[in-house]
Structures are given as structure tokens and as C-alpha cells.
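Presented below is the structure to which this report refers.
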Amino acid sequence: MTGRDGQRGLETMTTASLARATTPAELRRVAFATVIGTTVEWYDFFLYASAAGLVFSQLFFQPAGPQAALLLSFATVGVSFLFRPLGAFVAGHFGDRIGRKKMLVITLFLMGAATTLIGLLPTYDQIGIIAPALLVLLRILQGLSTGGEWGGAVLMAVEHAPTGRRGRFGAFPQIGVPIGLLLASGMLALMTGVISPGAAFLEWGWRIPFLLSFVLIIVGYVVRRKVDESPVFVALARNKERRRVPIVELFRHHWLLVLLAALTFAGNNAAGYMTTGGYIQNYATTPLADGGLVGMERTPVLLAVTGSAIVWLIVTWFAGSLSDRIGRRNTYIIGWVAFLATVFVLFPLVNTGDPWLLFLGLALFTIGNGFTYGPQAAYFAELFPASIRYTGVSVTYAIGAILGGAFAPTIATWLVQVTGSSTSVAFYIAGMIVIAFAATLLLRDRTGIPLGGEAEDEQSRGQVYGARR
């Protein structure tokens, strides 16, 4: 074959043939890299959310008074979500234009720098109003990073994977989220219970987990730089099928798909952020003298959250693999039913004040969380055409996060302050789950559809309103 014929052969090579060329060793590297990178990103993100519920209201917003300070602290958790779409737009645009791998490295460093600087911030008592202002600015940088991180990580995993194992490989970046929660809660439990109990945690102990992020970022970078670019993007680049402005194409032709898919994630996110957003940690540890309903110690609560993160990890991995056998949509339906079966059990178990019953409630709740999160990477990747996929999955994820988790802790805190009961929170979460359930029923299951440019036309048609695979 001549050089010109060989080049022509490369240009017409399908993504399927490129995927078959991916070796088992490369698949293992991709899986490991997506787990490590996503774990680091979400360790940083959840660490902030947990600290917001435990200490930030006292260190950065105390002059507002106990209740207002808590609302402001949780509001900073939500602020980052408002900037996720911008991060998703920027990372998605360049991810669809210059590659998935490069954007993953950039988002990793952005998140790590912001988290490390939070660990160095002076408090309100030290520099006044500048302290919460800087805290919000760094939280915004975390939001920008998170908006671009998830889409790139899941595409690297799913686009490398064999067709029949996309759910399994897509679950690798997904389990990075519960691992991140496990590490964040575990580190905080270690600091509150062993290294810096009592007042020492407020004085300096809370900073150590944030400063540790610097080391984790270096590890994540070393692992990610060794992974090859997605074969789907390689094929698109060779065939010159990339879009000039992917976001315009996305909303011109796929706005309804974006909305419905975002609503499915909104239900998962609103429910999940009861723990990952720091709400349960604060709800369970607020002293009775300060108007709390439970009044538990910090360390056993953090240990219960850490244990539930292990359950979430296992269920997420199982659900992603199961979706390869029964379809993404059916797996989601199981998750929504599990959520509805446990949402009204969670708070009564938390209200007992027993650490083991708290763990049981959280563990039961993570079953629905895992079944609606494990298949998500493959589910979203199969919804969008290859040339706008990074933009599509990132923007959809970001919008769903705003609709669901952004202010879920703030809303839950307000509901308890107004009603004096956690039952109102359970009804709020149940309502979000029902909306997400309905959106899932409207989305067509596209399990196993070709992911390359050769399927652009097929993926651009019939995306919504249908149950058949």
C-alpha cells in the first residue's frame, strides 16, 4: 500500500476499528487514570462541602448569626454550581476541538490549586470581609473545574471501551466520586477524632485535608499524562469532522435532549447532595442548644458517611456493569424505585442519634444513588453525536447539577428552619426523584449505539420519546 493509500485508509477508519485496536493494557491505564483523576477532583469538591457544613459558617460567616451563617455557608456550596456551565462550555468546546486528554490535565490543576489555596485562607477574624470573598472566589474556580472535568473523564473511559462493556468502563470515573467522598470524610474524621479534636480542629485541623490536595494533584497528573487520546476524537480529527462551535450545534438540534437528560441527573444530584453537599453532616452534628434536632459528635457522623461511601462505591460499580446487560434505562428505573423506597426512611434513622442507624439510613439511600449514577457515563455518552459529545455531556451534567444539587443543602436547611421537621426535606427530595423518573421514561435507551463519526446522523435522530433500545 502506498503512503497516500495508507493515509486514505486512516482517514476512513471507523471508531469501532480504533476501539478494537485498544489493548487490554491501555484499557487498564485508562480505567486507572479516570478513577484517580476523578477521585482527586471530587475529593477536593466534597471536602469543601463537608467543611461548609462543619466549620465554614463559624470561621467565615459568624457575624451574620448562627442560622444566617449556616445558610450563607451552604450557599457558597451552591455558588460553584452556577459556574459549572461556563466550565462545561469552555472545556467542552476545546475538548471537542483539541482533544479530551488536554482538557483533563487543565481541569485537574485548576481544581487542585483552588483547593490548596482554601487551606491557606485567613479567616473572618483575621482579615474581615475579604476572607469570605476570597472563599467564594476559590469556590467559583472549583465550579469551573468540575464543570469540565466530568465530561472529559467519562468520555476517555467510554470511548476507549469495547461496545459491550461501556457501562463497566464508564463506571470507573463514576466510582471516583464515592471514593472522593470516602477520602474527604475519612480525612475529616481523622482530623476531628485523632489529630486535632475539639477547638484544635477549628483553629488549624480543618486546613490539613485541603493542603493534602497538592500531593494528590501531582499523583493524578503523573497517571493521566500516560494515557492515549480517545480513539473517537482521533478518528474525528483525521476525518476533519469537528464542529467549529459545538455549543451552537448542541442547542440548535438537541435542546430537548439536554433538558430531559439534565432532569435525570437533577434527581440524582438533589438526593445525593444530602450527604455529598454536607447537609446530613451539619444536620446530625448541630448541638441541641443551638436548635439542632440530633446533636451527635462530628467524628461518628463522618465515619458513618465514610462507611456509606463504600456502599455507594460498590453499588455504583455494580450498576454500571449491570447496565451493559439490561440497558441504561432499566438500570435507572431500578434506582428511582430504590430512592422512593428509602427517602422517607433516611431521616427517621438519622434522628435516632445512633451512629449505626445513621450509617444504615445512608447506606440504604446510596442504593438508589448508585443505580442512577453508575450507568450515567455510558448513558450520556450514547445520547450525543461524537463531534459535540464533550460539550453535550458536560453542559447537560452542569445544568442537571444546578437544577438538583446546587442549592439542595440550602433548601433543606431552610425547610427545617421553617417547618421544624425533616419530613419536609424528604418530600422535597421525593419530588425531585419523581421528576427525574418521568424524564427517564421519556428518554430513549441507546445502549450499544456506535459512538464514532460514522453514526452522527443516527445519533442526531430519534433521541427522545421512546422506550425501545
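Following the order of the C-alpha cells, chains are lettered A, B, ..., residues in each are numbered from 1, and ligands are numbered from 1.
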Long-range neighbours of range 428-434 of chain A as a ChimeraX atom specification, 8 Å cut-off, only C-alpha atoms, 5 positions minimum in chain = /A:266-268,270-271,336,339-340,343,404
Shell of 9 Å around Phe109 in chain A, only C-alpha atoms, local chain residues under 6 positions omitted, as a list in words =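 Residues meeting the cut-off are Ser145, Ile217, Ile218 and Tyr221 of chain A.
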Selection from above, N, CA and C atoms, as a PDB file, in the first residue's frame, can you write it?
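Below is the file out.pdb, written as the result:
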ATOM      1  N   SER A 145     -13.752  24.155  37.277  1.00  0.00           N
ATOM      2  CA  SER A 145     -13.007  22.921  37.053  1.00  0.00           C
ATOM      3  C   SER A 145     -13.927  21.717  36.973  1.00  0.00           C
ATOM      4  N   ILE A 217      -2.900  16.036  43.500  1.00  0.00           N
ATOM      5  CA  ILE A 217      -2.910  16.565  42.135  1.00  0.00           C
ATOM      6  C   ILE A 217      -1.685  16.081  41.363  1.00  0.00           C
ATOM      7  N   ILE A 218      -0.539  16.069  41.995  1.00  0.00           N
ATOM      8  CA  ILE A 218       0.684  15.592  41.343  1.00  0.00           C
ATOM      9  C   ILE A 218       0.532  14.128  40.945  1.00  0.00           C
ATOM     10  N   TYR A 221      -1.804  13.877  37.944  1.00  0.00           N
ATOM     11  CA  TYR A 221      -1.168  14.328  36.702  1.00  0.00           C
ATOM     12  C   TYR A 221      -0.240  13.265  36.140  1.00  0.00           C
TER      13      TYR A 221
END
Any chance you could tabulate, as JSON lines, the residues of range 139-185 of chain A at most 10 Å from range 39-42 of chain A with each one's nearest atom pair and distance in Å to one decimal, using only C-alpha atoms, in chain and rising number order?
{"residue": "A:Gln142", "atom": "CA", "partner": "A:Glu41", "partner_atom": "CA", "distance": 8.8}
{"residue": "A:Ser145", "atom": "CA", "partner": "A:Glu41", "partner_atom": "CA", "distance": 8.3}
{"residue": "A:Thr146", "atom": "CA", "partner": "A:Glu41", "partner_atom": "CA", "distance": 7.2}
{"residue": "A:Glu149", "atom": "CA", "partner": "A:Glu41", "partner_atom": "CA", "distance": 7.7}
{"residue": "A:Trp150", "atom": "CA", "partner": "A:Glu41", "partner_atom": "CA", "distance": 9.0}
{"residue": "A:Phe172", "atom": "CA", "partner": "A:Thr39", "partner_atom": "CA", "distance": 9.9}
{"residue": "A:Pro173", "atom": "CA", "partner": "A:Thr39", "partner_atom": "CA", "distance": 7.8}
{"residue": "A:Gln174", "atom": "CA", "partner": "A:Thr39", "partner_atom": "CA", "distance": 9.0}
{"residue": "A:Ile175", "atom": "CA", "partner": "A:Thr39", "partner_atom": "CA", "distance": 7.9}
{"residue": "A:Gly176", "atom": "CA", "partner": "A:Thr39", "partner_atom": "CA", "distance": 4.1}
{"residue": "A:Val177", "atom": "CA", "partner": "A:Trp42", "partner_atom": "CA", "distance": 5.6}
{"residue": "A:Pro178", "atom": "CA", "partner": "A:Thr39", "partner_atom": "CA", "distance": 7.9}
{"residue": "A:Ile179", "atom": "CA", "partner": "A:Thr39", "partner_atom": "CA", "distance": 5.9}
{"residue": "A:Gly180", "atom": "CA", "partner": "A:Thr39", "partner_atom": "CA", "distance": 4.6}
{"residue": "A:Leu181", "atom": "CA", "partner": "A:Trp42", "partner_atom": "CA", "distance": 7.0}
{"residue": "A:Leu182", "atom": "CA", "partner": "A:Thr39", "partner_atom": "CA", "distance": 9.5}
{"residue": "A:Leu183", "atom": "CA", "partner": "A:Thr39", "partner_atom": "CA", "distance": 8.6}
{"residue": "A:Ala184", "atom": "CA", "partner": "A:Trp42", "partner_atom": "CA", "distance": 8.6}
Between A:Thr447, A:Ser185, A:Ser213, A:Asn282, which has the minimum distance to Val158 in chain A (counting only C-alpha atoms)?
->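 With only C-alpha atoms as the atom set, the closest residue is A:Thr447.
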Considering only C-alpha atoms, return as number ranges by chain whatever protein or nucleic-acid residues lie within 12 Å of Arg100 in chain A, sequence-local ones (same chain, fewer than 3 positions apart) excluded.
-> A: 34, 91-97, 103-107, 148-160, 224-225, 227-234, 237, 386-391, 394
Would you mind exporting the chosen residues as a PDB file, in the first residue's frame, restricted to C-alpha atoms?
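Wrote result-v7.pdb, looks like this:
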ATOM      1  CA  THR A  34     -10.046   8.113  35.141  1.00  0.00           C
ATOM      2  CA  ALA A  91     -13.857  22.581  28.457  1.00  0.00           C
ATOM      3  CA  GLY A  92     -16.459  21.059  26.145  1.00  0.00           C
ATOM      4  CA  HIS A  93     -15.606  23.462  23.315  1.00  0.00           C
ATOM      5  CA  PHE A  94     -11.895  22.774  23.480  1.00  0.00           C
ATOM      6  CA  GLY A  95     -12.425  19.105  24.331  1.00  0.00           C
ATOM      7  CA  ASP A  96     -14.362  18.696  21.079  1.00  0.00           C
ATOM      8  CA  ARG A  97     -11.814  20.843  19.215  1.00  0.00           C
ATOM      9  CA  MET A 103      -8.604  19.448  28.983  1.00  0.00           C
ATOM     10  CA  LEU A 104      -8.470  16.813  31.707  1.00  0.00           C
ATOM     11  CA  VAL A 105      -4.988  17.918  32.718  1.00  0.00           C
ATOM     12  CA  ILE A 106      -6.009  21.593  32.806  1.00  0.00           C
ATOM     13  CA  THR A 107      -9.108  20.984  34.955  1.00  0.00           C
ATOM     14  CA  GLY A 148     -15.185  20.470  32.595  1.00  0.00           C
ATOM     15  CA  GLU A 149     -13.680  17.531  34.472  1.00  0.00           C
ATOM     16  CA  TRP A 150     -16.522  15.040  34.481  1.00  0.00           C
ATOM     17  CA  GLY A 151     -17.296  15.120  30.758  1.00  0.00           C
ATOM     18  CA  GLY A 152     -13.688  14.566  29.751  1.00  0.00           C
ATOM     19  CA  ALA A 153     -13.146  11.751  32.241  1.00  0.00           C
ATOM     20  CA  VAL A 154     -16.233   9.767  31.241  1.00  0.00           C
ATOM     21  CA  LEU A 155     -15.531  10.153  27.524  1.00  0.00           C
ATOM     22  CA  MET A 156     -11.989   8.921  27.925  1.00  0.00           C
ATOM     23  CA  ALA A 157     -13.371   5.831  29.676  1.00  0.00           C
ATOM     24  CA  VAL A 158     -16.413   5.154  27.473  1.00  0.00           C
ATOM     25  CA  GLU A 159     -14.840   5.986  24.099  1.00  0.00           C
ATOM     26  CA  HIS A 160     -11.932   3.634  24.767  1.00  0.00           C
ATOM     27  CA  ARG A 224      -3.191  10.929  33.354  1.00  0.00           C
ATOM     28  CA  ARG A 225      -0.327  12.055  31.162  1.00  0.00           C
ATOM     29  CA  VAL A 227      -2.958   7.729  28.733  1.00  0.00           C
ATOM     30  CA  ASP A 228      -3.567   7.932  24.977  1.00  0.00           C
ATOM     31  CA  GLU A 229      -6.156  10.286  23.485  1.00  0.00           C
ATOM     32  CA  SER A 230      -9.691   8.949  22.953  1.00  0.00           C
ATOM     33  CA  PRO A 231      -9.910   6.859  19.734  1.00  0.00           C
ATOM     34  CA  VAL A 232     -13.192   8.602  18.881  1.00  0.00           C
ATOM     35  CA  PHE A 233     -11.530  12.012  18.923  1.00  0.00           C
ATOM     36  CA  VAL A 234      -8.570  10.661  16.933  1.00  0.00           C
ATOM     37  CA  ALA A 237      -9.614  14.697  13.854  1.00  0.00           C
ATOM     38  CA  ALA A 386     -19.334  12.351  18.601  1.00  0.00           C
ATOM     39  CA  SER A 387     -18.495  15.825  17.227  1.00  0.00           C
ATOM     40  CA  ILE A 388     -20.347  17.601  20.076  1.00  0.00           C
ATOM     41  CA  ARG A 389     -20.209  14.884  22.728  1.00  0.00           C
ATOM     42  CA  TYR A 390     -17.814  16.549  25.187  1.00  0.00           C
ATOM     43  CA  THR A 391     -19.901  19.718  25.091  1.00  0.00           C
ATOM     44  CA  SER A 394     -20.573  18.421  30.166  1.00  0.00           C
TER      45      SER A 394
END
Per-residue nearest contacts of range 51-135 of chain A to range 283-289 of chain A (12 Å; only C-alpha atoms) as a Markdown table:
| residue | atom | partner | partner_atom | distance |
| --- | --- | --- | --- | --- |
| A:Gly53 | CA | A:Tyr283 | CA | 8.3 |
| A:Leu54 | CA | A:Thr285 | CA | 8.0 |
| A:Val55 | CA | A:Thr286 | CA | 11.0 |
| A:Ser57 | CA | A:Thr286 | CA | 11.8 |
| A:Pro66 | CA | A:Thr286 | CA | 10.4 |
| A:Gln67 | CA | A:Thr286 | CA | 10.8 |
| A:Leu70 | CA | A:Thr286 | CA | 10.4 |
| A:Phe74 | CA | A:Tyr283 | CA | 12.0 |
With N, CA and C atoms kept, could you save the residues just selected as a compact mmCIF listing (two decimals), in the first residue's frame?
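Heads up, here's the output in result-v4.txt:
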# COMPACT_ATOMS: atom_id res chain seq x y z
N GLY A 53 -20.46 22.57 55.97
CA GLY A 53 -21.43 22.18 56.97
C GLY A 53 -20.87 22.11 58.38
N LEU A 54 -19.54 21.93 58.50
CA LEU A 54 -18.93 21.72 59.81
C LEU A 54 -18.26 22.95 60.41
N VAL A 55 -17.55 23.74 59.58
CA VAL A 55 -16.74 24.81 60.17
C VAL A 55 -16.82 26.16 59.47
N SER A 57 -19.19 28.11 58.46
CA SER A 57 -20.15 29.09 58.98
C SER A 57 -19.57 29.81 60.20
N PRO A 66 -25.91 32.56 63.86
CA PRO A 66 -25.81 31.11 63.61
C PRO A 66 -26.62 30.61 62.42
N GLN A 67 -27.92 30.95 62.36
CA GLN A 67 -28.75 30.41 61.28
C GLN A 67 -28.40 31.02 59.94
N LEU A 70 -25.08 29.72 58.62
CA LEU A 70 -25.18 28.38 58.04
C LEU A 70 -25.76 28.44 56.63
N PHE A 74 -23.74 27.23 53.23
CA PHE A 74 -24.26 26.28 52.24
C PHE A 74 -24.48 26.96 50.88
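If you measure from each of A:Leu188, A:Leu360, A:Val311, A:Ala319 to Tyr48 in chain A using only C-alpha atoms, the closest one turns out to be A:Leu188.
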Residue among A:Ile333, A:Leu216, A:Leu364, A:Ala261 lying closest to Thr38 in chain A, counting only C-alpha atoms =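 Of the candidates, the smallest distance to Thr38 in chain A is held by A:Leu216.
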Please identify all polymer residues within 8 Å of Val393 in chain A, counting only C-alpha atoms, omitting same-chain residues fewer than 5 positions from it, and present them as a VMD selection string.
-> chain A and resid 151 380 to 381 384
DSSP says alpha helix (DSSP H) for which residues of range 200-389 of chain A? Put them as an MDAnalysis selection string?
-> chainID A and resid 200 207:211 213:224 231:239 246:253 255:272 279:285 298:326 328:350 355:371 376:381 389
Hey, which of A:Phe347, A:Phe210, A:Tyr379, A:Tyr397 ends up closest to Ala426 in chain A? Count only C-alpha atoms.
->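 Smallest separation from Ala426 in chain A among the options: A:Phe347.
In this comparison, which uses only C-alpha atoms, the residue of A:Val395, A:Leu358, A:Leu71, A:Leu202 approaching Leu144 in chain A most closely is A:Val395.
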Shell around Leu349 in chain A at 7 Å using only C-alpha atoms, local window under 4 positions removed, as a list in words =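 My list of contacting residues is Val345, Leu357, Leu358 and Gly361 of chain A.
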For Trp356 in chain A: contacts at 10 Å, only C-alpha atoms, fewer than 6 positions along chain excluded, given as a PyMOL selection string = chain A and resi 300-301+303-304+349-350+362
Tell me, in Å to one decimal, how far CA of Pro162 in chain A is from CA of Arg328 in chain A.
->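 CA of Arg328 in chain A lies 15.9 Å from CA of Pro162 in chain A.
Atom to atom, CA of Pro132 in chain A and CA of Phe61 in chain A stand 7.1 Å apart.
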